[in-house]
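Source file: run25.pdb (PDB, C-alpha atoms and all ligand atoms)
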```pdb
ATOM      1  CA  MET A   1     -16.314 -39.804 -58.465
ATOM      2  CA  GLU A   2     -19.043 -39.400 -55.841
ATOM      3  CA  LEU A   3     -18.342 -37.175 -52.861
ATOM      4  CA  ILE A   4     -20.672 -36.548 -49.927
ATOM      5  CA  PHE A   5     -20.827 -33.000 -48.555
ATOM      6  CA  ALA A   6     -21.695 -33.361 -44.861
ATOM      7  CA  SER A   7     -23.982 -30.341 -44.725
ATOM      8  CA  HIS A   8     -27.728 -29.755 -44.401
ATOM      9  CA  ASN A   9     -27.314 -26.288 -45.906
ATOM     10  CA  GLU A  10     -28.749 -26.653 -49.420
ATOM     11  CA  ASN A  11     -27.516 -23.154 -50.361
ATOM     12  CA  LYS A  12     -23.933 -24.197 -49.720
ATOM     13  CA  VAL A  13     -24.514 -27.475 -51.566
ATOM     14  CA  LYS A  14     -25.817 -25.547 -54.579
ATOM     15  CA  GLU A  15     -22.980 -23.019 -54.413
ATOM     16  CA  ILE A  16     -20.278 -25.704 -54.268
ATOM     17  CA  ARG A  17     -21.957 -27.921 -56.884
ATOM     18  CA  ALA A  18     -21.860 -24.981 -59.314
ATOM     19  CA  ILE A  19     -18.084 -24.664 -58.940
ATOM     20  CA  LEU A  20     -17.098 -28.351 -59.033
ATOM     21  CA  PRO A  21     -16.142 -29.998 -62.347
ATOM     22  CA  GLU A  22     -18.588 -32.572 -63.771
ATOM     23  CA  SER A  23     -16.242 -35.397 -62.793
ATOM     24  CA  ILE A  24     -17.043 -34.789 -59.093
ATOM     25  CA  HIS A  25     -20.655 -35.696 -58.279
ATOM     26  CA  LEU A  26     -21.627 -34.023 -55.002
ATOM     27  CA  LEU A  27     -24.181 -35.729 -52.738
ATOM     28  CA  SER A  28     -25.794 -33.751 -49.917
ATOM     29  CA  LEU A  29     -26.897 -35.230 -46.590
ATOM     30  CA  ASN A  30     -30.467 -35.084 -47.898
ATOM     31  CA  ASP A  31     -29.380 -37.079 -50.961
ATOM     32  CA  ILE A  32     -28.046 -39.876 -48.724
ATOM     33  CA  GLY A  33     -31.048 -39.734 -46.355
ATOM     34  CA  PHE A  34     -29.145 -38.447 -43.313
ATOM     35  CA  HIS A  35     -31.457 -36.018 -41.532
ATOM     36  CA  GLU A  36     -29.974 -35.758 -38.022
ATOM     37  CA  GLU A  37     -28.226 -32.626 -36.781
ATOM     38  CA  ILE A  38     -24.491 -33.090 -36.137
ATOM     39  CA  GLU A  39     -23.508 -31.051 -33.084
ATOM     40  CA  GLU A  40     -20.551 -28.705 -33.539
ATOM     41  CA  THR A  41     -18.813 -29.190 -30.200
ATOM     42  CA  GLY A  42     -15.252 -28.327 -31.299
ATOM     43  CA  ASN A  43     -13.174 -25.305 -30.293
ATOM     44  CA  THR A  44     -11.747 -24.693 -33.758
ATOM     45  CA  LEU A  45     -13.073 -24.712 -37.320
ATOM     46  CA  GLU A  46     -10.853 -27.749 -37.961
ATOM     47  CA  GLU A  47     -12.377 -29.698 -35.054
ATOM     48  CA  ASN A  48     -15.944 -28.949 -36.117
ATOM     49  CA  ALA A  49     -15.288 -29.852 -39.755
ATOM     50  CA  GLN A  50     -13.617 -33.093 -38.618
ATOM     51  CA  ILE A  51     -16.529 -34.013 -36.312
ATOM     52  CA  LYS A  52     -18.981 -33.635 -39.218
ATOM     53  CA  ALA A  53     -16.842 -35.470 -41.786
ATOM     54  CA  GLU A  54     -16.055 -38.358 -39.406
ATOM     55  CA  THR A  55     -19.703 -38.740 -38.343
ATOM     56  CA  ILE A  56     -20.708 -39.352 -41.949
ATOM     57  CA  TYR A  57     -17.620 -41.412 -42.817
ATOM     58  CA  ASN A  58     -18.217 -43.703 -39.825
ATOM     59  CA  GLN A  59     -21.798 -44.285 -40.997
ATOM     60  CA  THR A  60     -21.152 -44.720 -44.711
ATOM     61  CA  GLY A  61     -17.473 -45.523 -45.308
ATOM     62  CA  GLU A  62     -17.770 -43.265 -48.384
ATOM     63  CA  ASN A  63     -15.642 -40.318 -49.513
ATOM     64  CA  VAL A  64     -16.873 -37.229 -47.667
ATOM     65  CA  PHE A  65     -15.989 -33.667 -46.778
ATOM     66  CA  ALA A  66     -17.411 -31.155 -44.301
ATOM     67  CA  ASP A  67     -16.903 -27.452 -43.760
ATOM     68  CA  ASP A  68     -16.904 -24.944 -40.955
ATOM     69  CA  SER A  69     -16.423 -21.216 -41.243
ATOM     70  CA  GLY A  70     -16.405 -18.017 -39.255
ATOM     71  CA  LEU A  71     -15.409 -14.385 -38.940
ATOM     72  CA  PHE A  72     -12.146 -13.613 -37.115
ATOM     73  CA  VAL A  73     -11.684 -10.003 -35.940
ATOM     74  CA  ASP A  74      -8.152  -8.837 -35.044
ATOM     75  CA  ALA A  75      -9.135  -6.269 -32.371
ATOM     76  CA  LEU A  76     -11.281  -8.915 -30.642
ATOM     77  CA  ASP A  77      -8.481 -11.497 -30.474
ATOM     78  CA  GLY A  78     -10.105 -13.561 -33.221
ATOM     79  CA  ALA A  79     -13.689 -13.446 -31.912
ATOM     80  CA  PRO A  80     -16.368 -14.352 -32.864
ATOM     81  CA  GLY A  81     -14.367 -17.059 -34.716
ATOM     82  CA  VAL A  82     -15.687 -20.574 -34.286
ATOM     83  CA  PHE A  83     -18.680 -19.112 -32.382
ATOM     84  CA  SER A  84     -19.720 -16.764 -35.227
ATOM     85  CA  ALA A  85     -23.205 -18.234 -35.641
ATOM     86  CA  ARG A  86     -23.914 -17.981 -31.882
ATOM     87  CA  TYR A  87     -22.020 -14.762 -31.007
ATOM     88  CA  ALA A  88     -24.957 -12.874 -29.456
ATOM     89  CA  GLY A  89     -26.451 -16.033 -28.000
ATOM     90  CA  THR A  90     -29.684 -15.832 -30.004
ATOM     91  CA  GLY A  91     -28.603 -17.472 -33.261
ATOM     92  CA  ASN A  92     -29.918 -14.375 -35.048
ATOM     93  CA  SER A  93     -27.488 -12.680 -37.444
ATOM     94  CA  LYS A  94     -28.870  -9.160 -36.854
ATOM     95  CA  ASP A  95     -28.149  -9.596 -33.131
ATOM     96  CA  ASN A  96     -24.669 -10.916 -33.955
ATOM     97  CA  ILE A  97     -23.931  -7.861 -36.115
ATOM     98  CA  ARG A  98     -25.210  -5.484 -33.417
ATOM     99  CA  LYS A  99     -22.947  -7.116 -30.840
ATOM    100  CA  LEU A 100     -19.956  -6.988 -33.206
ATOM    101  CA  ILE A 101     -20.442  -3.279 -33.966
ATOM    102  CA  ASP A 102     -20.805  -2.582 -30.276
ATOM    103  CA  GLU A 103     -17.633  -4.487 -29.326
ATOM    104  CA  LEU A 104     -15.684  -2.603 -32.006
ATOM    105  CA  LYS A 105     -16.939   0.873 -31.037
ATOM    106  CA  ASN A 106     -13.730   2.083 -29.409
ATOM    107  CA  LYS A 107     -11.266  -0.106 -31.282
ATOM    108  CA  GLU A 108      -8.863   1.341 -33.806
ATOM    109  CA  SER A 109      -8.285  -1.717 -35.985
ATOM    110  CA  ARG A 110     -11.188  -2.854 -38.157
ATOM    111  CA  ASN A 111      -9.245  -5.726 -39.707
ATOM    112  CA  ALA A 112     -10.957  -9.090 -39.975
ATOM    113  CA  SER A 113     -10.975 -12.239 -42.043
ATOM    114  CA  PHE A 114     -13.536 -14.799 -43.054
ATOM    115  CA  GLN A 115     -12.083 -18.295 -42.843
ATOM    116  CA  ALA A 116     -13.415 -21.595 -44.133
ATOM    117  CA  VAL A 117     -11.948 -24.999 -43.313
ATOM    118  CA  PHE A 118     -12.801 -28.201 -45.152
ATOM    119  CA  CYS A 119     -12.076 -31.611 -43.684
ATOM    120  CA  ILE A 120     -11.995 -34.282 -46.394
ATOM    121  CA  ILE A 121     -11.818 -38.029 -45.908
ATOM    122  CA  LEU A 122     -10.794 -39.587 -49.198
ATOM    123  CA  ASN A 123     -10.173 -43.327 -49.447
ATOM    124  CA  GLY A 124     -10.074 -43.370 -45.634
ATOM    125  CA  LYS A 125      -7.369 -40.690 -45.359
ATOM    126  CA  ILE A 126      -8.086 -37.373 -43.638
ATOM    127  CA  ASP A 127      -6.895 -33.945 -44.840
ATOM    128  CA  PHE A 128      -7.706 -30.266 -44.247
ATOM    129  CA  LEU A 129      -8.000 -27.380 -46.703
ATOM    130  CA  LYS A 130      -8.419 -23.711 -45.824
ATOM    131  CA  GLY A 131      -9.685 -20.597 -47.591
ATOM    132  CA  GLU A 132      -9.421 -17.076 -46.233
ATOM    133  CA  ILE A 133     -10.344 -13.535 -47.246
ATOM    134  CA  ASN A 134      -9.139 -10.413 -45.447
ATOM    135  CA  GLY A 135     -11.162  -7.256 -45.076
ATOM    136  CA  LYS A 136     -12.584  -4.603 -42.775
ATOM    137  CA  ILE A 137     -15.635  -4.360 -40.531
ATOM    138  CA  ILE A 138     -17.691  -1.202 -41.054
ATOM    139  CA  GLN A 139     -19.739   0.540 -38.384
ATOM    140  CA  GLU A 140     -23.158   0.298 -40.052
ATOM    141  CA  GLU A 141     -24.821  -2.334 -42.240
ATOM    142  CA  LYS A 142     -24.770  -1.920 -46.013
ATOM    143  CA  GLY A 143     -26.558  -4.124 -48.543
ATOM    144  CA  THR A 144     -29.225  -6.781 -48.310
ATOM    145  CA  ASP A 145     -27.801  -9.827 -50.118
ATOM    146  CA  GLY A 146     -25.928 -12.713 -48.545
ATOM    147  CA  PHE A 147     -26.174 -13.838 -44.933
ATOM    148  CA  GLY A 148     -24.463 -13.633 -41.553
ATOM    149  CA  TYR A 149     -21.944 -10.789 -41.275
ATOM    150  CA  ASP A 150     -22.024  -9.932 -45.007
ATOM    151  CA  PRO A 151     -23.549  -6.426 -44.501
ATOM    152  CA  VAL A 152     -20.589  -5.232 -42.372
ATOM    153  CA  PHE A 153     -17.651  -6.904 -44.187
ATOM    154  CA  ILE A 154     -15.770  -5.142 -47.002
ATOM    155  CA  PRO A 155     -13.088  -7.389 -48.561
ATOM    156  CA  ASP A 156      -9.686  -5.756 -49.131
ATOM    157  CA  GLY A 157      -9.427  -4.257 -52.623
ATOM    158  CA  TYR A 158     -13.193  -3.641 -52.894
ATOM    159  CA  GLU A 159     -15.542  -0.845 -51.850
ATOM    160  CA  LYS A 160     -18.710  -2.861 -51.432
ATOM    161  CA  THR A 161     -19.709  -5.107 -48.566
ATOM    162  CA  PHE A 162     -20.355  -8.789 -49.335
ATOM    163  CA  ALA A 163     -24.076  -7.949 -48.954
ATOM    164  CA  GLU A 164     -23.851  -5.298 -51.708
ATOM    165  CA  MET A 165     -22.171  -7.690 -54.161
ATOM    166  CA  ASP A 166     -24.141 -10.062 -56.339
ATOM    167  CA  SER A 167     -23.733 -13.661 -55.264
ATOM    168  CA  GLU A 168     -21.681 -14.527 -58.353
ATOM    169  CA  MET A 169     -19.059 -11.924 -57.403
ATOM    170  CA  LYS A 170     -18.955 -13.010 -53.762
ATOM    171  CA  ASN A 171     -18.724 -16.658 -54.783
ATOM    172  CA  GLN A 172     -15.632 -15.926 -56.860
ATOM    173  CA  ILE A 173     -13.603 -14.354 -54.059
ATOM    174  CA  SER A 174     -14.981 -15.733 -50.798
ATOM    175  CA  HIS A 175     -13.181 -17.865 -48.224
ATOM    176  CA  ARG A 176     -15.441 -20.787 -49.215
ATOM    177  CA  ALA A 177     -14.699 -20.325 -52.929
ATOM    178  CA  LYS A 178     -10.968 -20.429 -52.171
ATOM    179  CA  ALA A 179     -11.364 -23.587 -50.100
ATOM    180  CA  VAL A 180     -13.389 -25.187 -52.912
ATOM    181  CA  GLN A 181     -10.651 -24.376 -55.437
ATOM    182  CA  LYS A 182      -8.116 -26.053 -53.131
ATOM    183  CA  LEU A 183     -10.471 -29.034 -52.781
ATOM    184  CA  ILE A 184     -10.672 -29.438 -56.569
ATOM    185  CA  THR A 185      -6.879 -29.275 -56.958
ATOM    186  CA  PHE A 186      -6.464 -31.712 -54.054
ATOM    187  CA  ILE A 187      -8.860 -34.272 -55.549
ATOM    188  CA  GLN A 188      -7.388 -33.934 -59.040
ATOM    189  CA  ASN A 189      -3.916 -34.628 -57.704
ATOM    190  CA  ILE A 190      -4.859 -37.830 -55.858
TER     191      ILE A 190
HETATM  192  P1  LIG B 201     -21.145 -22.238 -40.824
HETATM  193  O1  LIG B 201     -19.869 -22.569 -41.494
HETATM  194  O2  LIG B 201     -22.328 -22.370 -41.734
HETATM  195  O3  LIG B 201     -21.303 -22.952 -39.509
HETATM  196  O4  LIG B 201     -21.075 -20.672 -40.526
HETATM  197  C1  LIG B 201     -20.716 -20.167 -39.311
HETATM  198  C2  LIG B 201     -21.093 -18.692 -39.186
HETATM  199  O5  LIG B 201     -20.013 -17.889 -39.672
HETATM  200  C3  LIG B 201     -22.306 -18.252 -39.977
HETATM  201  O6  LIG B 201     -23.495 -18.470 -39.272
HETATM  202  C4  LIG B 201     -22.028 -16.765 -40.144
HETATM  203  O7  LIG B 201     -22.362 -16.070 -38.975
HETATM  204  C5  LIG B 201     -20.517 -16.736 -40.302
HETATM  205  N1  LIG B 201     -20.152 -16.809 -41.737
HETATM  206  C6  LIG B 201     -19.488 -17.833 -42.355
HETATM  207  N2  LIG B 201     -19.321 -17.570 -43.670
HETATM  208  C7  LIG B 201     -19.920 -16.370 -43.882
HETATM  209  C8  LIG B 201     -20.107 -15.573 -45.055
HETATM  210  O8  LIG B 201     -19.715 -15.909 -46.183
HETATM  211  N3  LIG B 201     -20.747 -14.391 -44.858
HETATM  212  C9  LIG B 201     -21.214 -13.979 -43.656
HETATM  213  N4  LIG B 201     -21.090 -14.688 -42.543
HETATM  214  C10 LIG B 201     -20.443 -15.882 -42.649
END
```
Reformat the file's structure so that it appears as structure tokens.
Ligand code: IMP
Amino acid sequence: MELIFASHNENKVKEIRAILPESIHLLSLNDIGFHEEIEETGNTLEENAQIKAETIYNQTGENVFADDSGLFVDALDGAPGVFSARYAGTGNSKDNIRKLIDELKNKESRNASFQAVFCIILNGKIDFLKGEINGKIIQEEKGTDGFGYDPVFIPDGYEKTFAEMDSEMKNQISHRAKAVQKLITFIQNI
């Protein structure tokens, strides 16, 4: 089957394509010639994923899914959450990390989770799938791989940050990897 992934992020497209079985042929927004930005105006990951999936479904009528993800920190009541990409207001991940470390300076709990939500519209029917990984935020950056908050996030059961792991390792255990596994099971059971 063909499935559109409503994302302009070619890294994510590549990452997800590598995990999907051959029977699911993933098309990116570039593949279908959709080059506009879709604004993420929702207040939850679910809302943003739904906005993106519905935008493409309304234009194409084809099977589609979209994702949204973020970092949720317990001591900050779930911030930066849905605003993870824009936490410091500059859109720069180094600034976001600096703000996060600063906000956590006097907090006891370092617990956090990365969460990814997929909204899928299959044969016109909408569903949501979620992947999550728990871990801790450390006080200084470690590692150079990955993106976003990877240098300050150590997943539970590991000693390295996401930015110290090779991408293969991260892509086996991440919130997105878990959501993709659920997506595969979901599609195979339709
Ligand atoms: P989006 O799902 O691409 O919109 O990601 C939202 C933001 O959440 C990113 O810009 C990052 O700040 C953060 N984020 C989501 N997933 C990850 C990850 O795997 N590592 C580090 N940061 C992430």
Hey, can you pull every residue with an atom no more than 6 Å from (-11.9, -3.3, -31.6), using only C-alpha atoms, and send it as a ChimeraX atom specification? /A:75-76,104,107-109
State, in Å with one decimal place, the distance from CA of Pro155 (chain A) to CA of Glu140 (chain A).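 That distance, rounded to one decimal, is 15.3 Å.
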Around all the atoms of region 156-174 of chain A listed in the file, draw an axis-aligned box and extend it by 6 Å on each of the six sides; I want its centre and edge lengths in Å to one decimal, as AutoDock Vina command-line options.
```
--center_x -16.8 --center_y -8.8 --center_z -53.5 --size_x 26.7 --size_y 27.8 --size_z 21.8
```
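Neighbours of Glu39 (chain A) closer than or equal to 9 Å, with all atoms listed in the file counted and sequence neighbours fewer than 3 positions away skipped, come out as Gly42, Asn48, Ile51 and Lys52 of chain A.
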Best match for closeness to Thr60 (chain A) among A:Asn43, A:Ile4, A:Arg86, A:Glu15, counting only C-alpha atoms: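 Smallest separation from Thr60 (chain A) among the options: A:Ile4.
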List the residues selected by the PyMOL selection byres (((chain A and resi 176) around 10) and not hetatm) in the file shown, writing them as a compact mmCIF listing (two decimals) with C-alpha atoms, keeping the file's coordinate frame.
```
# COMPACT_ATOMS: atom_id res chain seq x y z
CA LYS A 12 -23.93 -24.20 -49.72
CA GLU A 15 -22.98 -23.02 -54.41
CA ILE A 16 -20.28 -25.70 -54.27
CA ASP A 67 -16.90 -27.45 -43.76
CA ASP A 68 -16.90 -24.94 -40.96
CA SER A 69 -16.42 -21.22 -41.24
CA PHE A 114 -13.54 -14.80 -43.05
CA GLN A 115 -12.08 -18.30 -42.84
CA ALA A 116 -13.42 -21.60 -44.13
CA VAL A 117 -11.95 -25.00 -43.31
CA PHE A 118 -12.80 -28.20 -45.15
CA LYS A 130 -8.42 -23.71 -45.82
CA GLY A 131 -9.68 -20.60 -47.59
CA GLU A 132 -9.42 -17.08 -46.23
CA ILE A 133 -10.34 -13.54 -47.25
CA LYS A 170 -18.95 -13.01 -53.76
CA ASN A 171 -18.72 -16.66 -54.78
CA GLN A 172 -15.63 -15.93 -56.86
CA ILE A 173 -13.60 -14.35 -54.06
CA SER A 174 -14.98 -15.73 -50.80
CA HIS A 175 -13.18 -17.86 -48.22
CA ALA A 177 -14.70 -20.32 -52.93
CA LYS A 178 -10.97 -20.43 -52.17
CA ALA A 179 -11.36 -23.59 -50.10
CA VAL A 180 -13.39 -25.19 -52.91
CA GLN A 181 -10.65 -24.38 -55.44
CA LYS A 182 -8.12 -26.05 -53.13
```
Kindly provide, as a ChimeraX atom specification, all nucleotide and amino acid residues lying within 6 Å of ligand LIG 201 (chain B), counting only C-alpha atoms and all ligand atoms. /A:68-71,84-85,147-150
Separation of CA of Gln188 (chain A) from CA of Leu20 (chain A), in Å and rounded to one decimal: 11.2 Å
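The coordinates place CA of Ala79 (chain A) at 20.7 Å from CA of Ala163 (chain A).
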Write out as a count of residues only which residues come within 12 Å of Val13 (chain A) when counting all atoms listed in the file, dropping same-chain ones fewer than 3 positions away. 25
Counting only C-alpha atoms, select every polymer residue within 8 Å of (-13.0, -9.7, -44.3) as defined in the file's coordinates, and provide the selection as a PyMOL selection string. chain A and resi 71+111-114+133-137+153-156
Closest of A:Thr41, A:Met1, A:Met169, A:Ile101 to Glu22 (chain A) - atom-to-atom distances counting all atoms listed in the file: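 That would be A:Met1, the residue with the smallest distance to Glu22 (chain A).
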Output check: residues returned by the PyMOL selection byres (((chain A and resi 120-124) around 7) and not hetatm), as a PyMOL selection string: chain A and resi 53+63-66+118-119+125-128
Smallest atom-to-atom distance to Arg110 (chain A): which of A:Lys94, A:Thr144, A:Gly89, A:Phe72, using all atoms listed in the file?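 Result for the nearest residue to Arg110 (chain A): A:Phe72.
Applied to the file shown here, the PyMOL selection byres (((chain A and resi 161) around 9) and not hetatm) selects the residues Ile138, Glu141, Lys142, Gly143, Asp150, Pro151, Val152, Phe153, Ile154, Pro155, Tyr158, Glu159, Lys160, Phe162, Ala163, Glu164 and Met165 of chain A.
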Same residues, C-alpha atoms, output as a PDB file, in the frame of the given file:
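result-v3.pdb written:
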```pdb
ATOM      1  CA  ILE A 138     -17.691  -1.202 -41.054  1.00  0.00           C
ATOM      2  CA  GLU A 141     -24.821  -2.334 -42.240  1.00  0.00           C
ATOM      3  CA  LYS A 142     -24.770  -1.920 -46.013  1.00  0.00           C
ATOM      4  CA  GLY A 143     -26.558  -4.124 -48.543  1.00  0.00           C
ATOM      5  CA  ASP A 150     -22.024  -9.932 -45.007  1.00  0.00           C
ATOM      6  CA  PRO A 151     -23.549  -6.426 -44.501  1.00  0.00           C
ATOM      7  CA  VAL A 152     -20.589  -5.232 -42.372  1.00  0.00           C
ATOM      8  CA  PHE A 153     -17.651  -6.904 -44.187  1.00  0.00           C
ATOM      9  CA  ILE A 154     -15.770  -5.142 -47.002  1.00  0.00           C
ATOM     10  CA  PRO A 155     -13.088  -7.389 -48.561  1.00  0.00           C
ATOM     11  CA  TYR A 158     -13.193  -3.641 -52.894  1.00  0.00           C
ATOM     12  CA  GLU A 159     -15.542  -0.845 -51.850  1.00  0.00           C
ATOM     13  CA  LYS A 160     -18.710  -2.861 -51.432  1.00  0.00           C
ATOM     14  CA  PHE A 162     -20.355  -8.789 -49.335  1.00  0.00           C
ATOM     15  CA  ALA A 163     -24.076  -7.949 -48.954  1.00  0.00           C
ATOM     16  CA  GLU A 164     -23.851  -5.298 -51.708  1.00  0.00           C
ATOM     17  CA  MET A 165     -22.171  -7.690 -54.161  1.00  0.00           C
TER      18      MET A 165
END
```
Which of A:Thr90, A:Gln139, A:Ser23, A:Asn11 sits closest to Glu103 (chain A) [using all atoms listed in the file]: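 The closest residue to Glu103 (chain A) is A:Gln139.
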